[in-house]
Amino acid sequence: MLPTNDAEFKQQLTTLERFFTLTDSGGFFFAVANDELMQAKINQNLQFLLQGKNKELRIFSLKYKVLEVAPLTLLQQFLEQHPTTKGLLITDLEPAVTANPNLLTQLNFAREELSRLGLPLLFWLNTRTHTLVQREAADLYDQRSGSVIYIDATLQTVDEGRFEQYKAVQTTKDNADLQQYQARLQLLQNQLNEAEKQGWPPASIANEIVVELLEIYVELPDSANLLNQLLNKYEAAIDDSNPDNLFRVARAYNYLVQLEKAIDLYKATVTLYCQLAEKNPQAFLPSVAHTLNNLANLHWNTNNYNLAASEYQEALFIFRHLAEKNPLFYLPYVATTLNNLAVLHINANEYSLAAIECGESLDIRRKLAEKNPYTYLPQVANTLNNLAILHRNMNEYSLATKEFEEALGIYRQLAERNQQLFLLDVAKNLNNLANLHLNLNEYNLASSEFGEALGIYRQLAVKNPQAYLPSVGITLNNLASLYCKIKNYPLAVKIFEESIIIRRQLAEMNPQAYLPDLAMTAANMAIFYQDNQSNQSQSLDYAKEAILASYRFKNNLPRANKHFYDALNVVKVWGLDEQAFLQEALDELPKDS
């Protein structure tokens, strides 16, 4: 029977919890869910619930592990590495069966040895693997503890707040680069729960506990729910005369992609730090510079290039001054600000300035990486990537290829150790390298790189669509352009349409940030329906959309200017009056645009 409401679903979760709680020796259970995200969320719930009963559940994925080693051996090796395990949640049976068609037979023959592991084992199935298990591992299946559970519902946790806190601690525990936060995070979360239980005044909770939690949560992936919970409940009680508090709240809103709110908070923070720096520059000038850098990042992300450049320059001046007295501490900040300025100047086509800034930043970062590679190699790769973009834009393709490939090699090496932190960088670099190969007509290489990047972005967007859907959109746009070049028009249309749907959604949520991207895809589609499909109506509709999306940015954003005139040129090629078409399009704009 499929659960149809929250009460039935909680009963299913309770059944699984009881299986792990009451089974002290070996035992098998099977649960069927076609949604892998549902499986993952239930696993996290079970780990959370059993943690309070001193039973440590671990997830064991069979994916990609069963080609040469028998599943029983793999499980034994895993338990030797994790001796405190009190139960296993076994996932990814379908890809494992695809890789090793004999897997289910092997599991069936090993059922007695699996029982002797002395642990409760839950096998996650979908409807396809459920049928296979019944047929090919019938003896194992018949030894299950109770009825199979079928899950097809939206998960509602019994204590969502505590569950999110548990996930955050698990993230710090499981990620070597985040373990520095684990003890402090656990302490602060316990203090928050106890303070709320005892009825502390909101101002005390907000200013003694919440602001520190905000600072940690922005360093962790997938903390949006926790940040929203804290801000909704305690932001009004946070002391906004304290610039440290404002800085933390601004970073939280930046994390949540509420950019205008973050900008306003950073502006207020700069004002307060500047007032303090007038009396004590040694103590507060670094805070002024850090806040200016963050503010510049946001102005850049919202296409306010002139403001961003001014703020970066001011921050750089301060960091250079500080580095004269303390180079070991402040040179990394000099390099970061130079790198940010370089990217800004690349986007503004000011290549000579960008080359100087990239070169100086790379020199500093390479020297720092010699002494501390794991800290500074990501920064070396980042500057190499920017330098490659610069050389690509200057048509120095051999240099650009060399720099992209060196950066990608560094990111792949880092992602092997920590996928959570560096997988996104791998995707970004793949996208850049693919664009270069596309420009060089090396289509097979470009297709492979775009495809790998798109797979990574889709994977990331499942968990955080607001942050990663823009990258899905741009990669789709690039892939569609590639298929146009190799004349695979049906696939190009399909990919363009998915890209523009995503970009319309993003532009509706945040016009300032995403309208130029929408203009790019609309202009590309206008050209496509002119050059490749000869469909005047659709071509002109997309040209109008590109004009409307780019119009207010065309005077201060070079790429928006390009998309605007690309669209107008489409109108011209169709033999229409450009000015009349433009005026007709602009009449559709709201009066305040």
# chains A, B, ... in the order shown; residues from 1 in each chain; ligands from 1

call {"tool": "select_by_dssp", "arguments": {"residues": "segment 121-304 of chain A", "states": "strand (DSSP E)", "output": "list in words"}}
result
Leu121, Leu122, Phe123, Trp124, Leu125, Ile149 and Tyr150 of chain A

call {"tool": "residues_around", "arguments": {"residues": "Asn190 of chain A", "least_positions_apart": "4", "cutoff": "12 Å", "atoms": "only C-alpha atoms", "output": "NGL selection string"}}
result
:A and (162 or 165-166 or 169 or 183-186 or 194-197 or 209-210 or 213)

call {"tool": "write_last_selection", "arguments": {"atoms": "C-alpha atoms", "output": "PDB file, in the first residue's frame"}}
result
ATOM      1  CA  ARG A 162      16.559  19.678  14.757  1.00  0.00           C
ATOM      2  CA  GLN A 165      20.872  21.042  12.671  1.00  0.00           C
ATOM      3  CA  TYR A 166      21.872  17.398  12.676  1.00  0.00           C
ATOM      4  CA  VAL A 169      26.911  18.808  12.081  1.00  0.00           C
ATOM      5  CA  ALA A 183      32.780  21.389  17.839  1.00  0.00           C
ATOM      6  CA  ARG A 184      31.789  25.063  17.809  1.00  0.00           C
ATOM      7  CA  LEU A 185      28.701  24.365  15.671  1.00  0.00           C
ATOM      8  CA  GLN A 186      27.487  21.585  17.925  1.00  0.00           C
ATOM      9  CA  GLU A 194      18.592  25.166  25.522  1.00  0.00           C
ATOM     10  CA  ALA A 195      18.156  28.962  25.477  1.00  0.00           C
ATOM     11  CA  GLU A 196      14.872  28.639  23.593  1.00  0.00           C
ATOM     12  CA  LYS A 197      13.740  25.927  25.991  1.00  0.00           C
ATOM     13  CA  ILE A 209      24.289  32.770  19.785  1.00  0.00           C
ATOM     14  CA  VAL A 210      22.527  33.410  16.473  1.00  0.00           C
ATOM     15  CA  LEU A 213      25.675  30.458  14.000  1.00  0.00           C
TER      16      LEU A 213
END

call {"tool": "closest_residue", "arguments": {"among": "A:Lys86, A:Ala480, A:Thr383, A:Val426", "to": "Ser447 of chain A", "atoms": "only C-alpha atoms"}}
result
A:Ala480

call {"tool": "closest_residue", "arguments": {"among": "A:Ile527, A:Leu292, A:Leu440, A:Ala33", "to": "Asn395 of chain A", "atoms": "only C-alpha atoms"}}
result
A:Leu440

call {"tool": "closest_residue", "arguments": {"among": "A:Glu396, A:Ala250, A:Tyr489, A:Asp177", "to": "Tyr374 of chain A", "atoms": "only C-alpha atoms"}}
result
A:Asp177

call {"tool": "atom_distance", "arguments": {"atom1": "atom CA of Ala519 of chain A", "atom2": "atom CA of Arg559 of chain A"}}
result
9.4 Å

call {"tool": "residues_around", "arguments": {"residues": "segment 321-332 of chain A", "least_positions_apart": "2", "cutoff": "12 Å", "atoms": "only C-alpha atoms", "output": "PyMOL selection string"}}
result
chain A and resi 281-290+314-319+334-339+360-369+371-372+375-376+379-380

call {"tool": "residues_around", "arguments": {"residues": "segment 459-468 of chain A", "least_positions_apart": "5", "cutoff": "9 Å", "atoms": "only C-alpha atoms", "output": "PDB file with all heavy atoms, in the first residue's frame"}}
result
ATOM      1  N   LEU A  37      16.178  11.093  -4.358  1.00  0.00           N
ATOM      2  CA  LEU A  37      16.235  12.149  -3.345  1.00  0.00           C
ATOM      3  C   LEU A  37      15.423  11.760  -2.108  1.00  0.00           C
ATOM      4  O   LEU A  37      15.813  12.061  -0.978  1.00  0.00           O
ATOM      5  CB  LEU A  37      15.726  13.469  -3.916  1.00  0.00           C
ATOM      6  CG  LEU A  37      16.617  14.112  -4.981  1.00  0.00           C
ATOM      7  CD1 LEU A  37      15.965  15.386  -5.506  1.00  0.00           C
ATOM      8  CD2 LEU A  37      17.991  14.423  -4.421  1.00  0.00           C
ATOM      9  N   ASP A 222      24.360  23.776   1.587  1.00  0.00           N
ATOM     10  CA  ASP A 222      22.974  23.364   1.870  1.00  0.00           C
ATOM     11  C   ASP A 222      22.476  23.834   3.236  1.00  0.00           C
ATOM     12  O   ASP A 222      21.788  23.106   3.944  1.00  0.00           O
ATOM     13  CB  ASP A 222      22.827  21.837   1.774  1.00  0.00           C
ATOM     14  CG  ASP A 222      23.306  21.298   0.436  1.00  0.00           C
ATOM     15  OD1 ASP A 222      23.046  21.958  -0.581  1.00  0.00           O
ATOM     16  OD2 ASP A 222      23.940  20.234   0.415  1.00  0.00           O
ATOM     17  N   ALA A 224      20.690  26.747   3.582  1.00  0.00           N
ATOM     18  CA  ALA A 224      19.708  27.804   3.342  1.00  0.00           C
ATOM     19  C   ALA A 224      18.532  27.731   4.320  1.00  0.00           C
ATOM     20  O   ALA A 224      18.078  28.764   4.839  1.00  0.00           O
ATOM     21  CB  ALA A 224      19.206  27.741   1.903  1.00  0.00           C
ATOM     22  N   TYR A 255      24.434  34.546   0.771  1.00  0.00           N
ATOM     23  CA  TYR A 255      24.326  33.090   0.622  1.00  0.00           C
ATOM     24  C   TYR A 255      22.947  32.706   0.082  1.00  0.00           C
ATOM     25  O   TYR A 255      22.815  31.817  -0.757  1.00  0.00           O
ATOM     26  CB  TYR A 255      24.570  32.444   1.976  1.00  0.00           C
ATOM     27  CG  TYR A 255      24.594  30.924   1.997  1.00  0.00           C
ATOM     28  CD1 TYR A 255      25.792  30.241   2.131  1.00  0.00           C
ATOM     29  CD2 TYR A 255      23.431  30.175   1.933  1.00  0.00           C
ATOM     30  CE1 TYR A 255      25.834  28.852   2.184  1.00  0.00           C
ATOM     31  CE2 TYR A 255      23.446  28.785   1.982  1.00  0.00           C
ATOM     32  CZ  TYR A 255      24.666  28.127   2.112  1.00  0.00           C
ATOM     33  OH  TYR A 255      24.698  26.759   2.163  1.00  0.00           O
ATOM     34  N   LEU A 256      21.921  33.408   0.559  1.00  0.00           N
ATOM     35  CA  LEU A 256      20.540  33.111   0.163  1.00  0.00           C
ATOM     36  C   LEU A 256      20.160  33.753  -1.173  1.00  0.00           C
ATOM     37  O   LEU A 256      19.016  33.672  -1.603  1.00  0.00           O
ATOM     38  CB  LEU A 256      19.570  33.583   1.250  1.00  0.00           C
ATOM     39  CG  LEU A 256      19.700  32.865   2.605  1.00  0.00           C
ATOM     40  CD1 LEU A 256      18.886  33.590   3.678  1.00  0.00           C
ATOM     41  CD2 LEU A 256      19.246  31.418   2.480  1.00  0.00           C
ATOM     42  N   VAL A 257      21.112  34.410  -1.812  1.00  0.00           N
ATOM     43  CA  VAL A 257      20.946  35.083  -3.104  1.00  0.00           C
ATOM     44  C   VAL A 257      19.866  36.173  -3.024  1.00  0.00           C
ATOM     45  O   VAL A 257      19.149  36.425  -3.992  1.00  0.00           O
ATOM     46  CB  VAL A 257      20.654  34.082  -4.256  1.00  0.00           C
ATOM     47  CG1 VAL A 257      21.004  34.688  -5.610  1.00  0.00           C
ATOM     48  CG2 VAL A 257      21.432  32.793  -4.083  1.00  0.00           C
ATOM     49  N   LEU A 424      32.285  22.113  -8.192  1.00  0.00           N
ATOM     50  CA  LEU A 424      31.784  23.270  -8.930  1.00  0.00           C
ATOM     51  C   LEU A 424      32.891  23.913  -9.757  1.00  0.00           C
ATOM     52  O   LEU A 424      32.677  24.330 -10.903  1.00  0.00           O
ATOM     53  CB  LEU A 424      31.182  24.292  -7.961  1.00  0.00           C
ATOM     54  CG  LEU A 424      30.705  25.607  -8.577  1.00  0.00           C
ATOM     55  CD1 LEU A 424      29.601  25.359  -9.594  1.00  0.00           C
ATOM     56  CD2 LEU A 424      30.219  26.562  -7.492  1.00  0.00           C
ATOM     57  N   LEU A 454      27.665  20.154 -17.682  1.00  0.00           N
ATOM     58  CA  LEU A 454      26.210  20.200 -17.505  1.00  0.00           C
ATOM     59  C   LEU A 454      25.756  19.152 -16.498  1.00  0.00           C
ATOM     60  O   LEU A 454      24.896  19.431 -15.650  1.00  0.00           O
ATOM     61  CB  LEU A 454      25.520  19.981 -18.851  1.00  0.00           C
ATOM     62  CG  LEU A 454      23.996  20.036 -18.849  1.00  0.00           C
ATOM     63  CD1 LEU A 454      23.501  21.395 -18.381  1.00  0.00           C
ATOM     64  CD2 LEU A 454      23.448  19.722 -20.250  1.00  0.00           C
ATOM     65  N   GLY A 473      21.670  27.000 -17.121  1.00  0.00           N
ATOM     66  CA  GLY A 473      21.181  27.786 -18.252  1.00  0.00           C
ATOM     67  C   GLY A 473      22.278  28.169 -19.225  1.00  0.00           C
ATOM     68  O   GLY A 473      22.127  28.023 -20.444  1.00  0.00           O
ATOM     69  N   LEU A 506      14.671  32.847 -13.968  1.00  0.00           N
ATOM     70  CA  LEU A 506      15.669  33.569 -13.169  1.00  0.00           C
ATOM     71  C   LEU A 506      15.490  35.076 -13.317  1.00  0.00           C
ATOM     72  O   LEU A 506      15.589  35.822 -12.333  1.00  0.00           O
ATOM     73  CB  LEU A 506      17.075  33.155 -13.589  1.00  0.00           C
ATOM     74  CG  LEU A 506      17.472  31.718 -13.251  1.00  0.00           C
ATOM     75  CD1 LEU A 506      18.750  31.321 -13.986  1.00  0.00           C
ATOM     76  CD2 LEU A 506      17.664  31.553 -11.747  1.00  0.00           C
TER      77      LEU A 506
END

call {"tool": "residues_around", "arguments": {"residues": "Phe422 of chain A", "least_positions_apart": "3", "cutoff": "10 Å", "atoms": "only C-alpha atoms", "output": "mmCIF file with all heavy atoms, in the first residue's frame"}}
result
data_model
loop_
_atom_site.group_PDB
_atom_site.id
_atom_site.type_symbol
_atom_site.label_atom_id
_atom_site.label_comp_id
_atom_site.auth_asym_id
_atom_site.auth_seq_id
_atom_site.Cartn_x
_atom_site.Cartn_y
_atom_site.Cartn_z
ATOM 1 N N PRO A 378 43.968 26.214 -4.923
ATOM 2 C CA PRO A 378 42.698 26.624 -5.542
ATOM 3 C C PRO A 378 42.754 28.049 -6.072
ATOM 4 O O PRO A 378 42.167 28.365 -7.108
ATOM 5 C CB PRO A 378 41.688 26.492 -4.396
ATOM 6 C CG PRO A 378 42.297 25.517 -3.453
ATOM 7 C CD PRO A 378 43.771 25.734 -3.542
ATOM 8 N N ILE A 410 44.452 21.104 -11.686
ATOM 9 C CA ILE A 410 44.494 21.415 -10.246
ATOM 10 C C ILE A 410 43.135 21.140 -9.611
ATOM 11 O O ILE A 410 43.036 20.506 -8.553
ATOM 12 C CB ILE A 410 44.914 22.880 -10.018
ATOM 13 C CG1 ILE A 410 46.373 23.090 -10.436
ATOM 14 C CG2 ILE A 410 44.727 23.269 -8.545
ATOM 15 C CD1 ILE A 410 46.807 24.547 -10.451
ATOM 16 N N TYR A 411 42.061 21.594 -10.259
ATOM 17 C CA TYR A 411 40.729 21.412 -9.682
ATOM 18 C C TYR A 411 40.333 19.931 -9.610
ATOM 19 O O TYR A 411 39.701 19.497 -8.644
ATOM 20 C CB TYR A 411 39.685 22.188 -10.491
ATOM 21 C CG TYR A 411 39.693 23.665 -10.228
ATOM 22 C CD1 TYR A 411 39.652 24.594 -11.277
ATOM 23 C CD2 TYR A 411 39.723 24.171 -8.926
ATOM 24 C CE1 TYR A 411 39.638 25.957 -11.036
ATOM 25 C CE2 TYR A 411 39.723 25.538 -8.681
ATOM 26 C CZ TYR A 411 39.676 26.423 -9.738
ATOM 27 O OH TYR A 411 39.670 27.774 -9.496
ATOM 28 N N ARG A 412 40.685 19.161 -10.623
ATOM 29 C CA ARG A 412 40.373 17.725 -10.566
ATOM 30 C C ARG A 412 41.121 17.075 -9.403
ATOM 31 O O ARG A 412 40.562 16.228 -8.685
ATOM 32 C CB ARG A 412 40.756 17.050 -11.883
ATOM 33 C CG ARG A 412 39.820 17.350 -13.051
ATOM 34 C CD ARG A 412 40.038 16.331 -14.152
ATOM 35 N NE ARG A 412 39.371 16.659 -15.395
ATOM 36 C CZ ARG A 412 38.087 16.414 -15.651
ATOM 37 N NH1 ARG A 412 37.320 15.881 -14.704
ATOM 38 N NH2 ARG A 412 37.559 16.708 -16.825
ATOM 39 N N GLN A 413 42.358 17.452 -9.222
ATOM 40 C CA GLN A 413 43.160 16.914 -8.116
ATOM 41 C C GLN A 413 42.526 17.272 -6.773
ATOM 42 O O GLN A 413 42.411 16.425 -5.873
ATOM 43 C CB GLN A 413 44.577 17.501 -8.213
ATOM 44 C CG GLN A 413 45.503 17.168 -7.056
ATOM 45 C CD GLN A 413 46.801 17.971 -7.132
ATOM 46 O OE1 GLN A 413 47.176 18.476 -8.191
ATOM 47 N NE2 GLN A 413 47.473 18.110 -6.015
ATOM 48 N N LEU A 414 42.077 18.504 -6.633
ATOM 49 C CA LEU A 414 41.442 18.934 -5.384
ATOM 50 C C LEU A 414 40.089 18.247 -5.182
ATOM 51 O O LEU A 414 39.736 17.890 -4.057
ATOM 52 C CB LEU A 414 41.267 20.459 -5.400
ATOM 53 C CG LEU A 414 42.559 21.282 -5.374
ATOM 54 C CD1 LEU A 414 42.278 22.730 -5.745
ATOM 55 C CD2 LEU A 414 43.219 21.205 -4.002
ATOM 56 N N ALA A 415 39.333 18.053 -6.270
ATOM 57 C CA ALA A 415 38.010 17.432 -6.152
ATOM 58 C C ALA A 415 38.106 15.958 -5.776
ATOM 59 O O ALA A 415 37.175 15.414 -5.170
ATOM 60 C CB ALA A 415 37.246 17.583 -7.467
ATOM 61 N N GLU A 416 39.205 15.318 -6.118
ATOM 62 C CA GLU A 416 39.388 13.931 -5.692
ATOM 63 C C GLU A 416 39.428 13.833 -4.179
ATOM 64 O O GLU A 416 38.933 12.879 -3.579
ATOM 65 C CB GLU A 416 40.687 13.367 -6.283
ATOM 66 C CG GLU A 416 40.585 13.020 -7.762
ATOM 67 C CD GLU A 416 41.903 12.504 -8.317
ATOM 68 O OE1 GLU A 416 42.831 12.258 -7.504
ATOM 69 O OE2 GLU A 416 42.008 12.354 -9.541
ATOM 70 N N ARG A 417 39.996 14.836 -3.554
ATOM 71 C CA ARG A 417 40.063 14.849 -2.089
ATOM 72 C C ARG A 417 38.778 15.388 -1.479
ATOM 73 O O ARG A 417 38.320 14.913 -0.457
ATOM 74 C CB ARG A 417 41.251 15.711 -1.637
ATOM 75 C CG ARG A 417 41.312 15.875 -0.139
ATOM 76 C CD ARG A 417 42.483 16.715 0.315
ATOM 77 N NE ARG A 417 42.336 17.060 1.719
ATOM 78 C CZ ARG A 417 43.204 17.794 2.385
ATOM 79 N NH1 ARG A 417 44.283 18.236 1.794
ATOM 80 N NH2 ARG A 417 43.003 18.083 3.652
ATOM 81 N N ASN A 418 38.175 16.392 -2.130
ATOM 82 C CA ASN A 418 36.990 17.020 -1.551
ATOM 83 C C ASN A 418 36.052 17.455 -2.667
ATOM 84 O O ASN A 418 36.100 18.580 -3.143
ATOM 85 C CB ASN A 418 37.377 18.221 -0.687
ATOM 86 C CG ASN A 418 36.222 18.678 0.183
ATOM 87 O OD1 ASN A 418 35.062 18.588 -0.212
ATOM 88 N ND2 ASN A 418 36.526 19.155 1.358
ATOM 89 N N GLN A 419 35.184 16.528 -3.082
ATOM 90 C CA GLN A 419 34.260 16.799 -4.172
ATOM 91 C C GLN A 419 33.302 17.922 -3.817
ATOM 92 O O GLN A 419 32.969 18.763 -4.648
ATOM 93 C CB GLN A 419 33.490 15.519 -4.495
ATOM 94 C CG GLN A 419 32.685 15.602 -5.781
ATOM 95 C CD GLN A 419 32.016 14.292 -6.091
ATOM 96 O OE1 GLN A 419 30.902 14.039 -5.635
ATOM 97 N NE2 GLN A 419 32.674 13.450 -6.857
ATOM 98 N N ASP A 425 34.092 24.003 -9.190
ATOM 99 C CA ASP A 425 35.207 24.594 -9.927
ATOM 100 C C ASP A 425 35.591 23.749 -11.136
ATOM 101 O O ASP A 425 35.979 24.275 -12.181
ATOM 102 C CB ASP A 425 36.416 24.755 -8.992
ATOM 103 C CG ASP A 425 36.160 25.750 -7.888
ATOM 104 O OD1 ASP A 425 35.780 26.887 -8.199
ATOM 105 O OD2 ASP A 425 36.328 25.403 -6.708
ATOM 106 N N VAL A 426 35.507 22.427 -10.984
ATOM 107 C CA VAL A 426 35.755 21.543 -12.129
ATOM 108 C C VAL A 426 34.772 21.882 -13.248
ATOM 109 O O VAL A 426 35.153 22.018 -14.423
ATOM 110 C CB VAL A 426 35.615 20.063 -11.725
ATOM 111 C CG1 VAL A 426 35.662 19.161 -12.953
ATOM 112 C CG2 VAL A 426 36.722 19.668 -10.751
ATOM 113 N N ALA A 427 33.489 22.037 -12.894
ATOM 114 C CA ALA A 427 32.465 22.331 -13.902
ATOM 115 C C ALA A 427 32.720 23.669 -14.587
ATOM 116 O O ALA A 427 32.600 23.793 -15.812
ATOM 117 C CB ALA A 427 31.080 22.323 -13.251
#

call {"tool": "closest_residue", "arguments": {"among": "A:Ala543, A:Leu265, A:Leu399, A:Leu548", "to": "Ala522 of chain A", "atoms": "only C-alpha atoms"}}
result
A:Ala543

call {"tool": "residues_around", "arguments": {"residues": "Glu136 of chain A", "least_positions_apart": "6", "cutoff": "12 Å", "atoms": "only C-alpha atoms", "output": "list of chain:residue names"}}
result
A:Val97, A:Pro101, A:Asn102, A:Leu103, A:Leu104, A:Thr105, A:Gln106, A:Leu107, A:Asn108, A:Phe109, A:Thr129, A:His130, A:Asp142

call {"tool": "write_last_selection", "arguments": {"atoms": "all heavy atoms", "output": "short mmCIF file (atom, residue, chain, number, x, y, z; two decimals), in the first residue's frame"}}
result
data_model
loop_
_atom_site.label_atom_id
_atom_site.label_comp_id
_atom_site.auth_asym_id
_atom_site.auth_seq_id
_atom_site.Cartn_x
_atom_site.Cartn_y
_atom_site.Cartn_z
N VAL A 97 23.92 -3.38 -10.44
CA VAL A 97 23.48 -4.54 -11.22
C VAL A 97 23.82 -4.33 -12.70
O VAL A 97 24.19 -5.28 -13.41
CB VAL A 97 21.96 -4.78 -11.04
CG1 VAL A 97 21.44 -5.81 -12.02
CG2 VAL A 97 21.68 -5.21 -9.61
N PRO A 101 26.10 -7.88 -13.78
CA PRO A 101 24.82 -8.61 -13.90
C PRO A 101 24.70 -9.79 -12.94
O PRO A 101 23.59 -10.27 -12.70
CB PRO A 101 24.82 -9.09 -15.36
CG PRO A 101 25.76 -8.16 -16.07
CD PRO A 101 26.81 -7.81 -15.07
N ASN A 102 25.82 -10.27 -12.39
CA ASN A 102 25.78 -11.41 -11.46
C ASN A 102 25.62 -10.97 -10.00
O ASN A 102 25.65 -11.81 -9.10
CB ASN A 102 27.06 -12.24 -11.59
CG ASN A 102 27.19 -12.85 -12.97
OD1 ASN A 102 26.22 -13.34 -13.54
ND2 ASN A 102 28.40 -12.82 -13.53
N LEU A 103 25.48 -9.68 -9.78
CA LEU A 103 25.49 -9.16 -8.41
C LEU A 103 24.41 -9.79 -7.53
O LEU A 103 24.68 -10.21 -6.40
CB LEU A 103 25.33 -7.64 -8.43
CG LEU A 103 25.19 -6.98 -7.05
CD1 LEU A 103 26.49 -7.09 -6.27
CD2 LEU A 103 24.76 -5.53 -7.19
N LEU A 104 23.19 -9.86 -8.03
CA LEU A 104 22.09 -10.36 -7.20
C LEU A 104 22.28 -11.84 -6.88
O LEU A 104 21.98 -12.29 -5.76
CB LEU A 104 20.76 -10.11 -7.89
CG LEU A 104 20.38 -8.63 -8.05
CD1 LEU A 104 19.08 -8.49 -8.82
CD2 LEU A 104 20.27 -7.95 -6.69
N THR A 105 22.78 -12.59 -7.83
CA THR A 105 23.08 -14.00 -7.56
C THR A 105 24.16 -14.12 -6.49
O THR A 105 24.07 -14.97 -5.58
CB THR A 105 23.54 -14.71 -8.86
OG1 THR A 105 22.51 -14.57 -9.84
CG2 THR A 105 23.81 -16.17 -8.62
N GLN A 106 25.18 -13.27 -6.56
CA GLN A 106 26.24 -13.27 -5.55
C GLN A 106 25.69 -12.95 -4.17
O GLN A 106 26.05 -13.58 -3.17
CB GLN A 106 27.33 -12.27 -5.93
CG GLN A 106 28.14 -12.67 -7.16
CD GLN A 106 29.08 -11.56 -7.61
OE1 GLN A 106 28.84 -10.39 -7.37
NE2 GLN A 106 30.15 -11.95 -8.30
N LEU A 107 24.80 -11.94 -4.11
CA LEU A 107 24.18 -11.60 -2.82
C LEU A 107 23.34 -12.75 -2.29
O LEU A 107 23.33 -13.03 -1.09
CB LEU A 107 23.32 -10.34 -2.98
CG LEU A 107 24.04 -9.00 -3.10
CD1 LEU A 107 23.06 -7.89 -3.45
CD2 LEU A 107 24.75 -8.66 -1.79
N ASN A 108 22.63 -13.41 -3.19
CA ASN A 108 21.78 -14.52 -2.77
C ASN A 108 22.60 -15.66 -2.17
O ASN A 108 22.27 -16.20 -1.11
CB ASN A 108 20.97 -15.02 -3.97
CG ASN A 108 19.76 -15.83 -3.54
OD1 ASN A 108 18.98 -15.39 -2.70
ND2 ASN A 108 19.59 -17.02 -4.10
N PHE A 109 23.70 -16.03 -2.83
CA PHE A 109 24.55 -17.10 -2.32
C PHE A 109 25.23 -16.70 -1.01
O PHE A 109 25.56 -17.56 -0.19
CB PHE A 109 25.62 -17.46 -3.36
CG PHE A 109 25.11 -18.35 -4.46
CD1 PHE A 109 25.38 -18.05 -5.79
CD2 PHE A 109 24.34 -19.47 -4.19
CE1 PHE A 109 24.90 -18.85 -6.81
CE2 PHE A 109 23.87 -20.29 -5.20
CZ PHE A 109 24.15 -19.97 -6.52
N THR A 129 14.42 -2.79 -9.80
CA THR A 129 15.29 -3.70 -9.05
C THR A 129 14.50 -4.59 -8.10
O THR A 129 14.93 -5.69 -7.76
CB THR A 129 16.37 -2.92 -8.27
OG1 THR A 129 15.74 -1.90 -7.49
CG2 THR A 129 17.38 -2.30 -9.22
N HIS A 130 13.33 -4.12 -7.67
CA HIS A 130 12.49 -4.94 -6.81
C HIS A 130 12.10 -6.24 -7.53
O HIS A 130 12.21 -7.35 -6.98
CB HIS A 130 11.24 -4.17 -6.41
CG HIS A 130 10.36 -4.90 -5.44
ND1 HIS A 130 8.99 -4.74 -5.40
CD2 HIS A 130 10.66 -5.82 -4.48
CE1 HIS A 130 8.49 -5.52 -4.46
NE2 HIS A 130 9.47 -6.18 -3.88
N ASP A 142 13.36 -13.62 0.71
CA ASP A 142 12.42 -14.32 1.59
C ASP A 142 12.83 -14.24 3.06
O ASP A 142 12.00 -14.51 3.94
CB ASP A 142 12.29 -15.78 1.16
CG ASP A 142 11.55 -15.92 -0.16
OD1 ASP A 142 10.85 -14.95 -0.55
OD2 ASP A 142 11.69 -16.97 -0.82
#

call {"tool": "atom_distance", "arguments": {"atom1": "atom CA of Gln76 of chain A", "atom2": "atom CA of Arg135 of chain A"}}
result
25.3 Å

call {"tool": "residues_around", "arguments": {"residues": "Cys484 of chain A", "least_positions_apart": "4", "cutoff": "9 Å", "atoms": "only C-alpha atoms", "output": "compact mmCIF listing (two decimals) with N, CA, C and O atoms, in the first residue's frame"}}
result
# COMPACT_ATOMS: atom_id res chain seq x y z
N LEU A 479 25.95 24.69 -25.22
CA LEU A 479 25.80 23.40 -25.90
C LEU A 479 24.91 23.54 -27.13
O LEU A 479 25.18 22.94 -28.19
N ALA A 480 23.88 24.35 -27.03
CA ALA A 480 23.00 24.59 -28.18
C ALA A 480 23.77 25.27 -29.31
O ALA A 480 23.60 24.93 -30.49
N ASN A 488 23.22 20.07 -36.09
CA ASN A 488 22.26 19.17 -35.45
C ASN A 488 21.13 20.06 -34.91
O ASN A 488 21.02 20.32 -33.72
N TYR A 489 20.29 20.54 -35.82
CA TYR A 489 19.32 21.57 -35.47
C TYR A 489 18.21 21.10 -34.53
O TYR A 489 17.80 21.84 -33.62
N LEU A 491 18.35 18.98 -32.07
CA LEU A 491 18.88 18.97 -30.70
C LEU A 491 19.18 20.38 -30.23
O LEU A 491 18.96 20.72 -29.06
N ALA A 492 19.64 21.24 -31.13
CA ALA A 492 19.91 22.64 -30.77
C ALA A 492 18.63 23.32 -30.29
O ALA A 492 18.62 24.04 -29.29
N VAL A 493 17.52 23.11 -31.02
CA VAL A 493 16.23 23.71 -30.64
C VAL A 493 15.82 23.25 -29.25
O VAL A 493 15.43 24.04 -28.38
N PHE A 528 19.30 31.96 -34.74
CA PHE A 528 19.10 30.57 -35.14
C PHE A 528 17.90 30.44 -36.07
O PHE A 528 17.97 29.79 -37.13
N ASN A 532 19.18 29.30 -39.62
CA ASN A 532 19.12 27.85 -39.73
C ASN A 532 17.74 27.29 -40.00
O ASN A 532 17.61 26.20 -40.54

call {"tool": "closest_residue", "arguments": {"among": "A:Ile149, A:Ala585, A:Leu114, A:Gln170", "to": "Gln47 of chain A", "atoms": "only C-alpha atoms"}}
result
A:Gln170

call {"tool": "atom_distance", "arguments": {"atom1": "atom CA of Ala268 of chain A", "atom2": "atom CA of Asp240 of chain A"}}
result
9.0 Å
